[in-house]
$ cat final.csv   # CSV, C-alpha atoms and all ligand atoms
chain,number,residue,atom,x,y,z
O,274,MET,CA,-3.8,21.1,17.0
O,275,THR,CA,-2.8,22.3,20.4
O,276,GLY,CA,-6.1,20.9,21.7
O,277,ARG,CA,-5.2,17.5,20.2
O,278,ILE,CA,-1.9,17.5,22.0
O,279,ASP,CA,-3.6,18.5,25.3
O,280,ARG,CA,-6.1,15.7,24.9
O,281,LEU,CA,-3.2,13.2,24.2
O,282,ARG,CA,-1.5,14.4,27.4
O,283,ALA,CA,-4.6,13.6,29.4
O,284,LEU,CA,-4.9,10.1,27.9
O,285,ILE,CA,-1.3,9.1,28.7
O,286,ALA,CA,-1.1,10.9,32.1
O,287,GLY,CA,0.0,8.5,34.8
O,288,LYS,CA,1.0,5.9,32.2
O,289,ALA,CA,4.2,7.5,30.8
O,290,ASP,CA,6.3,10.6,31.3
O,291,CYS,CA,6.4,11.4,27.6
O,292,ALA,CA,5.2,10.1,24.3
O,293,LEU,CA,7.2,9.7,21.1
O,294,VAL,CA,5.0,9.9,18.0
O,295,THR,CA,6.7,8.7,14.8
O,296,ASP,CA,3.8,7.5,12.6
O,297,ASP,CA,3.3,9.8,9.6
O,298,ILE,CA,-0.4,10.1,10.0
O,299,ASN,CA,-0.4,10.6,13.8
O,300,ARG,CA,2.4,13.1,13.4
O,301,ARG,CA,0.3,15.0,10.8
O,302,TYR,CA,-2.8,14.8,13.1
O,303,LEU,CA,-0.8,16.5,15.9
O,304,THR,CA,1.1,19.1,13.9
O,305,GLY,CA,-1.0,19.7,10.8
O,306,MET,CA,2.1,19.1,8.6
O,307,LYS,CA,2.5,16.3,6.1
O,308,SER,CA,5.9,14.8,6.0
O,309,SER,CA,7.6,11.4,5.6
O,310,ALA,CA,9.8,11.8,8.6
O,311,GLY,CA,10.0,13.5,12.0
O,312,TYR,CA,9.4,13.0,15.7
O,313,VAL,CA,6.7,14.5,17.9
O,314,LEU,CA,7.8,14.4,21.5
O,315,VAL,CA,5.1,15.3,24.0
O,316,PHE,CA,5.8,16.1,27.7
O,317,PRO,CA,3.3,17.3,30.2
O,318,GLU,CA,4.7,20.9,30.0
O,319,ALA,CA,6.1,21.0,26.4
O,320,ALA,CA,5.8,19.5,23.0
O,321,TYR,CA,8.4,19.3,20.2
O,322,LEU,CA,8.5,18.5,16.5
O,323,VAL,CA,12.0,17.3,15.7
O,324,ILE,CA,12.2,17.3,11.9
O,325,ASP,CA,15.0,17.2,9.3
O,326,PHE,CA,16.4,19.8,6.9
O,327,ARG,CA,14.1,18.8,4.1
O,328,TYR,CA,11.0,19.9,6.0
O,329,ILE,CA,12.3,22.5,8.4
O,330,GLU,CA,11.3,25.6,6.5
O,331,LYS,CA,7.8,24.4,6.0
O,332,ALA,CA,7.5,23.2,9.6
O,333,ARG,CA,8.5,26.6,11.0
O,334,GLU,CA,5.9,28.2,8.7
O,335,VAL,CA,2.9,26.0,9.6
O,336,VAL,CA,3.4,24.2,12.9
O,337,THR,CA,2.1,26.0,15.9
O,338,SER,CA,1.2,23.1,18.2
O,339,CYS,CA,4.8,22.2,19.0
O,340,THR,CA,8.2,23.9,19.3
O,341,VAL,CA,9.9,23.1,16.0
O,342,ILE,CA,13.5,21.9,16.2
O,343,GLU,CA,15.8,20.9,13.4
O,344,GLN,CA,16.9,17.3,13.6
O,345,GLU,CA,20.6,16.9,14.3
O,346,GLN,CA,23.0,14.1,13.0
O,347,GLY,CA,22.9,12.4,16.4
O,348,MET,CA,19.1,12.1,16.5
O,349,LEU,CA,19.0,9.6,19.4
O,350,LYS,CA,21.2,11.9,21.5
O,351,GLN,CA,19.0,14.9,20.6
O,352,LEU,CA,15.8,13.1,21.7
O,353,GLY,CA,17.5,11.7,24.8
O,354,GLY,CA,18.7,15.2,25.7
O,355,LEU,CA,15.1,16.5,25.5
O,356,MET,CA,13.9,13.6,27.7
O,357,ALA,CA,16.7,14.3,30.2
O,358,LYS,CA,15.9,18.0,30.2
O,359,HIS,CA,12.2,17.3,31.1
O,360,GLY,CA,13.1,14.5,33.6
O,361,ALA,CA,11.3,11.8,31.7
O,362,LYS,CA,12.0,8.3,32.8
O,363,THR,CA,9.4,6.5,30.8
O,364,CYS,CA,8.4,7.1,27.1
O,365,ALA,CA,5.4,5.6,25.3
O,366,LEU,CA,5.9,4.3,21.7
O,367,GLU,CA,3.3,3.5,19.1
O,368,SER,CA,2.8,-0.3,19.3
O,369,MET,CA,0.5,-0.4,16.3
O,370,SER,CA,2.8,1.2,13.7
O,371,LEU,CA,6.4,1.3,15.0
O,372,THR,CA,8.7,-1.4,13.6
O,373,LEU,CA,10.6,-3.7,16.1
O,374,GLN,CA,13.8,-2.4,14.6
O,375,LYS,CA,12.9,1.3,15.4
O,376,ALA,CA,11.8,0.3,18.9
O,377,GLU,CA,15.2,-1.4,19.5
O,378,MET,CA,16.9,1.7,18.2
O,379,PHE,CA,15.1,4.0,20.7
O,380,ARG,CA,16.0,1.7,23.5
O,381,LYS,CA,19.6,2.8,23.0
O,382,ILE,CA,18.6,6.0,24.7
O,383,LYS,CA,19.9,5.6,28.2
O,384,ASP,CA,18.0,6.1,31.5
O,385,VAL,CA,14.6,6.0,29.8
O,386,GLU,CA,12.2,3.0,29.8
O,387,PHE,CA,10.4,2.7,26.5
O,388,LEU,CA,6.8,1.3,26.7
O,389,THR,CA,5.5,-0.7,23.8
O,390,ASP,CA,2.0,-1.6,25.1
O,391,ASP,CA,-1.0,-0.2,23.3
O,392,THR,CA,-1.4,3.0,25.4
O,393,LEU,CA,-0.1,5.5,22.9
O,394,SER,CA,-1.5,4.0,19.7
O,395,GLN,CA,-4.9,3.5,21.3
O,396,ALA,CA,-4.9,7.0,22.7
O,397,LEU,CA,-4.2,8.4,19.2
O,398,TYR,CA,-6.9,6.2,17.6
O,399,ASP,CA,-9.4,7.2,20.3
O,400,LEU,CA,-8.7,10.9,19.6
O,401,ARG,CA,-8.9,10.4,15.8
O,402,THR,CA,-12.2,8.4,16.1
O,403,VAL,CA,-14.0,11.5,17.4
O,404,LYS,CA,-13.8,14.0,14.6
O,405,GLU,CA,-13.7,17.8,15.2
O,406,PRO,CA,-16.0,20.0,13.0
O,407,GLU,CA,-13.0,21.1,10.9
O,408,GLU,CA,-12.2,17.4,10.1
O,409,ILE,CA,-15.8,16.8,9.0
O,410,VAL,CA,-15.5,19.8,6.7
O,411,LYS,CA,-12.5,18.2,5.0
O,412,ILE,CA,-14.2,14.8,4.7
O,413,LYS,CA,-17.1,16.5,3.1
O,414,ALA,CA,-14.8,18.2,0.6
O,415,ALA,CA,-13.2,14.8,-0.2
O,416,GLN,CA,-16.6,13.2,-0.8
O,417,ALA,CA,-17.9,16.1,-2.9
O,418,LEU,CA,-14.9,15.8,-5.1
O,419,ALA,CA,-15.3,12.0,-5.5
O,420,GLU,CA,-19.0,12.5,-6.4
O,421,GLU,CA,-18.1,15.0,-9.0
O,422,ALA,CA,-15.6,12.5,-10.4
O,423,LEU,CA,-18.4,9.8,-10.5
O,424,GLU,CA,-20.8,12.2,-12.2
O,425,LYS,CA,-18.3,13.0,-14.9
O,426,LEU,CA,-17.6,9.3,-15.4
O,427,LEU,CA,-21.3,8.4,-15.7
O,428,GLN,CA,-21.7,10.8,-18.6
O,429,LYS,CA,-19.4,8.5,-20.6
O,430,LEU,CA,-19.8,5.1,-19.1
O,431,HIS,CA,-20.9,2.6,-21.8
O,432,ALA,CA,-20.7,-1.0,-22.8
O,433,GLY,CA,-17.4,-1.9,-24.4
O,434,MET,CA,-15.3,-0.1,-21.8
O,435,THR,CA,-13.0,-2.2,-19.7
O,436,GLU,CA,-12.9,-2.3,-15.9
O,437,ARG,CA,-9.5,-0.7,-16.1
O,438,ASP,CA,-10.9,2.1,-18.3
O,439,VAL,CA,-13.5,2.9,-15.7
O,440,ALA,CA,-11.0,2.8,-12.8
O,441,LEU,CA,-8.6,5.1,-14.7
O,442,GLU,CA,-11.3,7.6,-15.6
O,443,LEU,CA,-12.4,7.8,-12.0
O,444,ASP,CA,-8.8,8.2,-10.8
O,445,PHE,CA,-8.0,10.8,-13.5
O,446,ASN,CA,-11.2,12.8,-12.6
O,447,MET,CA,-10.4,12.8,-8.9
O,448,ARG,CA,-6.8,13.9,-9.5
O,449,ARG,CA,-7.9,16.5,-12.0
O,450,LEU,CA,-10.4,17.9,-9.5
O,451,GLY,CA,-7.6,18.4,-7.0
O,452,ALA,CA,-7.4,15.2,-4.9
O,453,GLU,CA,-4.2,15.0,-2.9
O,454,ASP,CA,-4.3,11.3,-3.4
O,455,LEU,CA,-6.7,8.4,-4.0
O,456,SER,CA,-8.2,6.9,-0.8
O,457,PHE,CA,-7.2,3.4,-2.0
O,458,GLU,CA,-6.8,1.6,-5.3
O,459,THR,CA,-10.1,2.2,-7.1
O,460,ILE,CA,-12.2,-0.9,-7.5
O,461,ALA,CA,-14.2,-1.1,-10.8
O,462,LEU,CA,-15.7,-4.4,-11.7
O,463,THR,CA,-18.3,-5.7,-14.1
O,464,GLY,CA,-20.4,-8.7,-14.9
O,465,ALA,CA,-19.7,-11.9,-12.9
O,466,HIS,CA,-16.6,-10.2,-11.5
O,467,THR,CA,-18.8,-8.0,-9.3
O,468,SER,CA,-19.4,-11.0,-7.0
O,469,MET,CA,-15.8,-10.5,-5.6
O,470,PRO,CA,-16.2,-7.7,-3.0
O,471,HIS,CA,-12.6,-6.6,-3.5
O,472,GLY,CA,-11.8,-7.8,-7.0
O,473,VAL,CA,-9.0,-6.1,-9.0
O,474,PRO,CA,-10.0,-4.3,-12.2
O,475,ASP,CA,-8.7,-6.0,-15.4
O,476,ASN,CA,-9.4,-6.0,-19.1
O,477,ARG,CA,-12.9,-7.4,-18.7
O,478,ILE,CA,-15.3,-5.6,-21.0
O,479,ILE,CA,-18.6,-4.1,-19.9
O,480,GLU,CA,-21.4,-6.1,-21.6
O,481,PRO,CA,-24.7,-4.5,-22.4
O,482,ASP,CA,-27.3,-4.8,-19.6
O,483,SER,CA,-24.8,-5.6,-16.8
O,484,PHE,CA,-23.7,-4.2,-13.5
O,485,VAL,CA,-20.6,-2.1,-12.9
O,486,LEU,CA,-19.5,-1.9,-9.3
O,487,MET,CA,-17.3,1.0,-8.3
O,488,ASP,CA,-15.7,1.5,-4.9
O,489,PHE,CA,-13.5,4.6,-4.6
O,490,GLY,CA,-12.6,7.7,-2.7
O,491,ALA,CA,-10.5,10.8,-2.8
O,492,VAL,CA,-8.1,12.4,-0.2
O,493,VAL,CA,-8.4,16.1,0.5
O,494,ASP,CA,-6.3,17.9,3.1
O,495,GLY,CA,-5.3,14.5,4.5
O,496,TYR,CA,-8.9,13.2,4.8
O,497,HIS,CA,-10.4,10.3,2.9
O,498,SER,CA,-13.8,9.6,1.4
O,499,ASP,CA,-15.3,6.2,0.6
O,500,MET,CA,-18.3,5.3,-1.5
O,501,THR,CA,-19.5,2.4,-3.6
O,502,ARG,CA,-22.1,2.5,-6.3
O,503,THR,CA,-23.3,-0.5,-8.4
O,504,VAL,CA,-24.8,0.9,-11.6
O,505,CYS,CA,-26.4,-0.8,-14.6
O,506,VAL,CA,-25.2,-0.1,-18.1
O,507,GLY,CA,-28.3,-0.8,-20.1
O,508,THR,CA,-31.4,-2.4,-18.7
O,509,PRO,CA,-31.3,-4.6,-15.6
O,510,THR,CA,-33.2,-7.9,-15.4
O,511,GLU,CA,-35.9,-8.4,-12.9
O,512,GLU,CA,-33.5,-10.4,-10.6
O,513,MET,CA,-30.9,-7.6,-10.8
O,514,ARG,CA,-33.6,-5.1,-9.7
O,515,GLU,CA,-34.9,-7.3,-7.0
O,516,ILE,CA,-31.5,-8.0,-5.4
O,517,TYR,CA,-30.6,-4.3,-5.7
O,518,HIS,CA,-33.8,-3.4,-3.8
O,519,ILE,CA,-32.8,-5.8,-1.0
O,520,VAL,CA,-29.3,-4.3,-0.6
O,521,ARG,CA,-30.8,-0.8,-0.7
O,522,THR,CA,-33.4,-1.6,1.9
O,523,ALA,CA,-30.6,-3.0,4.1
O,524,GLN,CA,-28.6,0.1,3.6
O,525,ASN,CA,-31.5,2.3,4.5
O,526,ALA,CA,-32.1,0.3,7.7
O,527,GLY,CA,-28.4,0.9,8.6
O,528,LEU,CA,-28.6,4.6,7.8
O,529,ALA,CA,-31.8,4.8,10.0
O,530,ALA,CA,-30.1,3.0,12.9
O,531,ALA,CA,-26.8,5.0,13.0
O,532,ARG,CA,-26.9,7.1,16.1
O,533,PRO,CA,-24.9,7.6,19.3
O,534,GLY,CA,-25.0,4.7,21.8
O,535,ILE,CA,-25.7,2.0,19.2
O,536,THR,CA,-23.0,-0.7,19.2
O,537,GLY,CA,-21.1,-1.7,16.1
O,538,LYS,CA,-22.8,-5.0,16.3
O,539,GLU,CA,-26.3,-3.6,16.6
O,540,LEU,CA,-25.7,-1.4,13.6
O,541,ASP,CA,-24.4,-4.3,11.6
O,542,VAL,CA,-27.4,-6.4,12.6
O,543,ALA,CA,-29.9,-3.7,11.6
O,544,ALA,CA,-28.8,-4.0,8.0
O,545,ARG,CA,-27.8,-7.7,8.0
O,546,ASP,CA,-31.3,-8.8,9.2
O,547,ILE,CA,-32.9,-7.4,6.1
O,548,ILE,CA,-30.5,-9.4,3.9
O,549,ARG,CA,-30.9,-12.5,6.0
O,550,ASP,CA,-34.7,-12.4,6.1
O,551,ALA,CA,-34.7,-12.1,2.3
O,552,GLY,CA,-32.8,-15.4,2.1
O,553,TYR,CA,-29.3,-14.0,1.2
O,554,GLY,CA,-27.6,-14.1,4.6
O,555,ASP,CA,-24.7,-16.3,3.3
O,556,ALA,CA,-24.1,-13.9,0.4
O,557,PHE,CA,-23.2,-10.9,2.7
O,558,GLY,CA,-19.8,-12.1,4.0
O,559,HIS,CA,-18.2,-8.9,5.2
O,560,SER,CA,-18.8,-6.4,7.9
O,561,LEU,CA,-21.3,-3.5,7.5
O,562,GLY,CA,-18.8,-0.7,7.9
O,563,HIS,CA,-15.7,0.9,9.2
O,564,GLY,CA,-14.5,4.3,10.4
O,565,VAL,CA,-13.0,6.8,7.8
O,566,GLY,CA,-10.7,9.7,8.4
O,567,MET,CA,-7.0,10.3,7.9
O,568,GLU,CA,-6.9,6.6,7.0
O,569,ILE,CA,-9.4,4.7,5.0
O,570,HIS,CA,-10.0,2.1,7.7
O,571,GLU,CA,-10.3,3.5,11.2
O,572,PHE,CA,-12.5,3.0,14.2
O,573,PRO,CA,-15.4,2.5,14.9
O,574,VAL,CA,-16.1,-0.8,13.2
O,575,ALA,CA,-19.6,-2.0,12.5
O,576,SER,CA,-19.4,-5.8,12.5
O,577,PRO,CA,-21.2,-8.7,14.1
O,578,VAL,CA,-18.6,-8.9,16.9
O,579,ARG,CA,-18.1,-5.2,17.9
O,580,GLU,CA,-19.5,-4.2,21.2
O,581,GLN,CA,-18.1,-0.6,21.1
O,582,GLN,CA,-20.7,2.1,21.1
O,583,LEU,CA,-20.8,4.8,18.5
O,584,ALA,CA,-20.4,8.4,19.7
O,585,PRO,CA,-20.9,11.9,18.2
O,586,GLY,CA,-18.1,12.8,15.9
O,587,ASN,CA,-17.6,9.2,14.6
O,588,VAL,CA,-17.6,8.7,10.8
O,589,VAL,CA,-18.6,5.2,9.7
O,590,THR,CA,-19.5,3.6,6.4
O,591,ILE,CA,-22.7,1.7,5.8
O,592,GLU,CA,-21.9,-0.8,3.0
O,593,PRO,CA,-24.1,-3.9,2.8
O,594,GLY,CA,-23.8,-6.2,-0.2
O,595,ILE,CA,-25.1,-9.4,-1.8
O,596,TYR,CA,-22.6,-11.4,-3.8
O,597,LEU,CA,-23.7,-14.3,-6.0
O,598,PRO,CA,-20.7,-16.1,-7.5
O,599,GLY,CA,-21.0,-16.7,-11.2
O,600,LYS,CA,-23.9,-14.2,-11.5
O,601,PHE,CA,-23.3,-10.7,-10.0
O,602,GLY,CA,-22.7,-8.8,-6.8
O,603,ILE,CA,-24.1,-5.6,-5.5
O,604,ARG,CA,-22.7,-3.3,-2.8
O,605,ILE,CA,-23.9,0.2,-1.9
O,606,GLU,CA,-21.8,2.3,0.4
O,607,ASP,CA,-22.5,5.6,2.0
O,608,PHE,CA,-20.8,7.0,5.0
O,609,VAL,CA,-22.3,9.0,7.9
O,610,HIS,CA,-21.2,11.4,10.6
O,611,ILE,CA,-22.7,10.5,13.9
O,612,THR,CA,-24.3,13.6,15.5
O,613,GLU,CA,-25.9,14.3,18.9
O,614,ASN,CA,-29.2,12.9,17.9
O,615,GLY,CA,-28.6,10.6,14.9
O,616,CYS,CA,-26.5,10.9,11.9
O,617,GLU,CA,-25.7,13.1,8.9
O,618,ASN,CA,-25.2,11.3,5.6
O,619,LEU,CA,-22.0,12.6,4.1
O,620,THR,CA,-22.9,10.9,0.8
O,621,ASN,CA,-25.1,13.0,-1.5
O,622,ILE,CA,-25.6,10.8,-4.5
O,623,PRO,CA,-28.8,8.8,-3.9
O,624,ASN,CA,-28.7,5.1,-3.4
O,625,THR,CA,-31.4,4.4,-6.0
O,626,LEU,CA,-30.3,2.2,-9.0
O,627,ILE,CA,-28.6,4.3,-11.6
O,628,CYS,CA,-29.0,3.0,-15.2
O,629,VAL,CA,-27.0,4.6,-18.0
O,701,ZN,ZN,-15.4,1.6,-0.1
O,702,ZN,ZN,-15.5,1.2,2.9
$ encode --input "final.csv" --output "structure tokens"
Amino acid sequence: MTGRIDRLRALIAGKADCALVTDDINRRYLTGMKSSAGYVLVFPEAAYLVIDFRYIEKAREVVTSCTVIEQEQGMLKQLGGLMAKHGAKTCALESMSLTLQKAEMFRKIKDVEFLTDDTLSQALYDLRTVKEPEEIVKIKAAQALAEEALEKLLQKLHAGMTERDVALELDFNMRRLGAEDLSFETIALTGAHTSMPHGVPDNRIIEPDSFVLMDFGAVVDGYHSDMTRTVCVGTPTEEMREIYHIVRTAQNAGLAAARPGITGKELDVAARDIIRDAGYGDAFGHSLGHGVGMEIHEFPVASPVREQQLAPGNVVTIEPGIYLPGKFGIRIEDFVHITENGCENLTNIPNTLICV
């Protein structure tokens, strides 16, 4: 974590005298400690975690990257005092997560100019976009847990279950296996409902010989996983097999293309071309992928408009789909870790059509 604070210093050097980090996830990234409150204050020569009584015991136990200080009643005065002590005249705030109300509150601190441009938020996102090996280990643990939850579900998945039943089973399995949280609200859809990429599970019943689309993930040690499988309960029709094959071929093309230096756009196009050439271009209306880490949607983004290049340490999903309203939809989602030479697929369950 000390390395992260050093890298943050380098990114804001010359732009602000100090940085005040209040976002829960960014604070956890810099300190290793989960909490719903607290302030990380980074100066060139020192870093502090100011945190209240509820968390102070734990913070003193686990936080080594910052000097831990208990928050006082006059929090603004306390933060202002630290800024004065270190001679800070400018302080960067997080434009992408801080509320206007909080920014106004900090501005009550005298003799310090608070900067609300993107400098600090962007610096933190840039750091978080390049994962360290220990972060990849945690993401792998989250994915392994989610896959075990899916395998348990597949043993009992059958016609007659509702979408809600399926979502609940997955959620229960993930929690039971030790997930700290769910990556997002589990999507479990069946029949014609699968043509809505982010449909909400309801009491729809799985009919024999129909698709069930499941998009879900677990959080382990603060890190998310993300996967989608579209499985068939019973026997698929020829058309279902054919469309599945196209989506899978597109995903394989994306997986083969993922490497350092490729832009988000080029990666998207690698998969999208397969779907377009098969005549279903209009049925794939979302981006190919997104970054995953301490949040479910991070950078980099693989979409038709992203020029940013991928770099070693990035984690990105490859999730093409074909959605046919009134019929069915298919999405297959894996996620990969960009390495020096290519990528490592973090998803272990194959992308072949599973029938139960
Ligand atoms: Zn997903
Ligand atoms: Zn995703």
$ residues_around --input "final.csv" --residues "Gly451 (chain O)" --least-positions-apart "6" --cutoff "12 Å" --atoms "all atoms listed in the file" --output "PyMOL selection string"
chain O and resi 414-415+417-419+421-422+444-445+491-494
$ residues_near_ligand --input "final.csv" --ligand "ligand ZN 701 (chain O)" --cutoff "8 Å" --atoms "only C-alpha atoms and all ligand atoms" --output "ChimeraX atom specification"
/O:488-490,499-501,590,592,606
$ write_last_selection --input "final.csv" --atoms "C-alpha atoms" --output "PDB file, keeping the file's coordinate frame"
ATOM      1  CA  ASP O 488     -15.700   1.500  -4.900  1.00  0.00           C
ATOM      2  CA  PHE O 489     -13.500   4.600  -4.600  1.00  0.00           C
ATOM      3  CA  GLY O 490     -12.600   7.700  -2.700  1.00  0.00           C
ATOM      4  CA  ASP O 499     -15.300   6.200   0.600  1.00  0.00           C
ATOM      5  CA  MET O 500     -18.300   5.300  -1.500  1.00  0.00           C
ATOM      6  CA  THR O 501     -19.500   2.400  -3.600  1.00  0.00           C
ATOM      7  CA  THR O 590     -19.500   3.600   6.400  1.00  0.00           C
ATOM      8  CA  GLU O 592     -21.900  -0.800   3.000  1.00  0.00           C
ATOM      9  CA  GLU O 606     -21.800   2.300   0.400  1.00  0.00           C
TER      10      GLU O 606
END
$ residues_near_ligand --input "final.csv" --ligand "ligand ZN 702 (chain O)" --cutoff "12 Å" --atoms "all atoms listed in the file" --output "VMD selection string"
chain O and resid 456 to 460 470 to 471 487 to 490 497 to 502 559 to 566 568 to 572 574 to 575 588 to 594 604 to 609
$ residues_around --input "final.csv" --residues "region 285-296 of chain O" --least-positions-apart "2" --cutoff "8 Å" --atoms "all atoms listed in the file" --output "list of chain:residue names"
O:Leu281, O:Arg282, O:Ala283, O:Ile298, O:Asn299, O:Arg300, O:Ala310, O:Gly311, O:Tyr312, O:Val313, O:Leu314, O:Val315, O:Phe316, O:Pro317, O:Met356, O:Ala361, O:Lys362, O:Thr363, O:Cys364, O:Ala365, O:Leu366, O:Glu367, O:Ser370, O:Leu371, O:Leu388, O:Thr392, O:Leu393, O:Ala396
$ atom_distance --input "final.csv" --atom1 "CA of Glu424 (chain O)" --atom2 "CA of Gln524 (chain O)"
21.4 Å
$ residues_around --input "final.csv" --residues "Asn624 (chain O)" --least-positions-apart "2" --cutoff "7 Å" --atoms "only C-alpha atoms" --output "PyMOL selection string"
chain O and resi 521+622+626
$ residues_near_point --input "final.csv" --point "(-31.8, -1.9, -16.9)" --cutoff "9 Å" --atoms "all atoms listed in the file" --output "compact mmCIF listing (two decimals) with C-alpha atoms, in the coordinates of the input"
# COMPACT_ATOMS: atom_id res chain seq x y z
CA ASP O 482 -27.30 -4.80 -19.60
CA SER O 483 -24.80 -5.60 -16.80
CA CYS O 505 -26.40 -0.80 -14.60
CA VAL O 506 -25.20 -0.10 -18.10
CA GLY O 507 -28.30 -0.80 -20.10
CA THR O 508 -31.40 -2.40 -18.70
CA PRO O 509 -31.30 -4.60 -15.60
CA THR O 510 -33.20 -7.90 -15.40
CA GLU O 511 -35.90 -8.40 -12.90
CA MET O 513 -30.90 -7.60 -10.80
CA ARG O 514 -33.60 -5.10 -9.70
CA ILE O 627 -28.60 4.30 -11.60
CA CYS O 628 -29.00 3.00 -15.20
CA VAL O 629 -27.00 4.60 -18.00
$ closest_residue --input "final.csv" --among "O:Ile409, O:Leu583, O:Ala530, O:Val485" --to "Leu430 (chain O)" --atoms "only C-alpha atoms"
O:Val485
$ closest_residue --input "final.csv" --among "O:Gly276, O:Gly495, O:Gly586, O:Pro474" --to "Leu455 (chain O)" --atoms "all atoms listed in the file"
O:Gly495
$ closest_residue --input "final.csv" --among "O:Ser308, O:Glu539, O:Ile547, O:Ser368" --to "Asn525 (chain O)" --atoms "all atoms listed in the file"
O:Ile547
$ decode --input "final.csv" --residues "region 439-451 of chain O" --atoms "N, CA, C and O atoms" --output "short mmCIF file (atom, residue, chain, number, x, y, z; two decimals), in the first residue's frame"
data_model
loop_
_atom_site.label_atom_id
_atom_site.label_comp_id
_atom_site.auth_asym_id
_atom_site.auth_seq_id
_atom_site.Cartn_x
_atom_site.Cartn_y
_atom_site.Cartn_z
N VAL O 439 -33.37 -18.97 -9.47
CA VAL O 439 -32.01 -19.16 -9.98
C VAL O 439 -31.07 -18.10 -9.39
O VAL O 439 -29.98 -18.41 -8.91
N ALA O 440 -31.54 -16.85 -9.41
CA ALA O 440 -30.71 -15.77 -8.87
C ALA O 440 -30.43 -16.00 -7.38
O ALA O 440 -29.30 -15.85 -6.92
N LEU O 441 -31.47 -16.38 -6.66
CA LEU O 441 -31.31 -16.62 -5.21
C LEU O 441 -30.33 -17.74 -4.92
O LEU O 441 -29.52 -17.65 -3.99
N GLU O 442 -30.42 -18.83 -5.70
CA GLU O 442 -29.50 -19.96 -5.51
C GLU O 442 -28.06 -19.51 -5.71
O GLU O 442 -27.17 -19.85 -4.92
N LEU O 443 -27.84 -18.76 -6.78
CA LEU O 443 -26.48 -18.28 -7.05
C LEU O 443 -25.99 -17.39 -5.92
O LEU O 443 -24.87 -17.54 -5.43
N ASP O 444 -26.86 -16.48 -5.49
CA ASP O 444 -26.47 -15.54 -4.42
C ASP O 444 -26.17 -16.31 -3.13
O ASP O 444 -25.17 -16.05 -2.45
N PHE O 445 -27.05 -17.26 -2.82
CA PHE O 445 -26.85 -18.04 -1.59
C PHE O 445 -25.54 -18.82 -1.66
O PHE O 445 -24.75 -18.83 -0.72
N ASN O 446 -25.31 -19.46 -2.81
CA ASN O 446 -24.08 -20.25 -2.97
C ASN O 446 -22.84 -19.36 -2.79
O ASN O 446 -21.89 -19.74 -2.11
N MET O 447 -22.88 -18.19 -3.41
CA MET O 447 -21.70 -17.31 -3.32
C MET O 447 -21.47 -16.86 -1.88
O MET O 447 -20.35 -16.88 -1.37
N ARG O 448 -22.56 -16.49 -1.22
CA ARG O 448 -22.44 -16.05 0.19
C ARG O 448 -21.95 -17.21 1.06
O ARG O 448 -21.08 -17.03 1.92
N ARG O 449 -22.52 -18.38 0.83
CA ARG O 449 -22.17 -19.55 1.63
C ARG O 449 -20.70 -19.92 1.47
O ARG O 449 -20.03 -20.35 2.40
N LEU O 450 -20.21 -19.71 0.24
CA LEU O 450 -18.82 -20.05 -0.04
C LEU O 450 -17.85 -18.98 0.47
O LEU O 450 -16.64 -19.12 0.33
N GLY O 451 -18.41 -17.91 1.03
CA GLY O 451 -17.52 -16.93 1.69
C GLY O 451 -17.38 -15.60 1.00
O GLY O 451 -16.48 -14.82 1.36
#
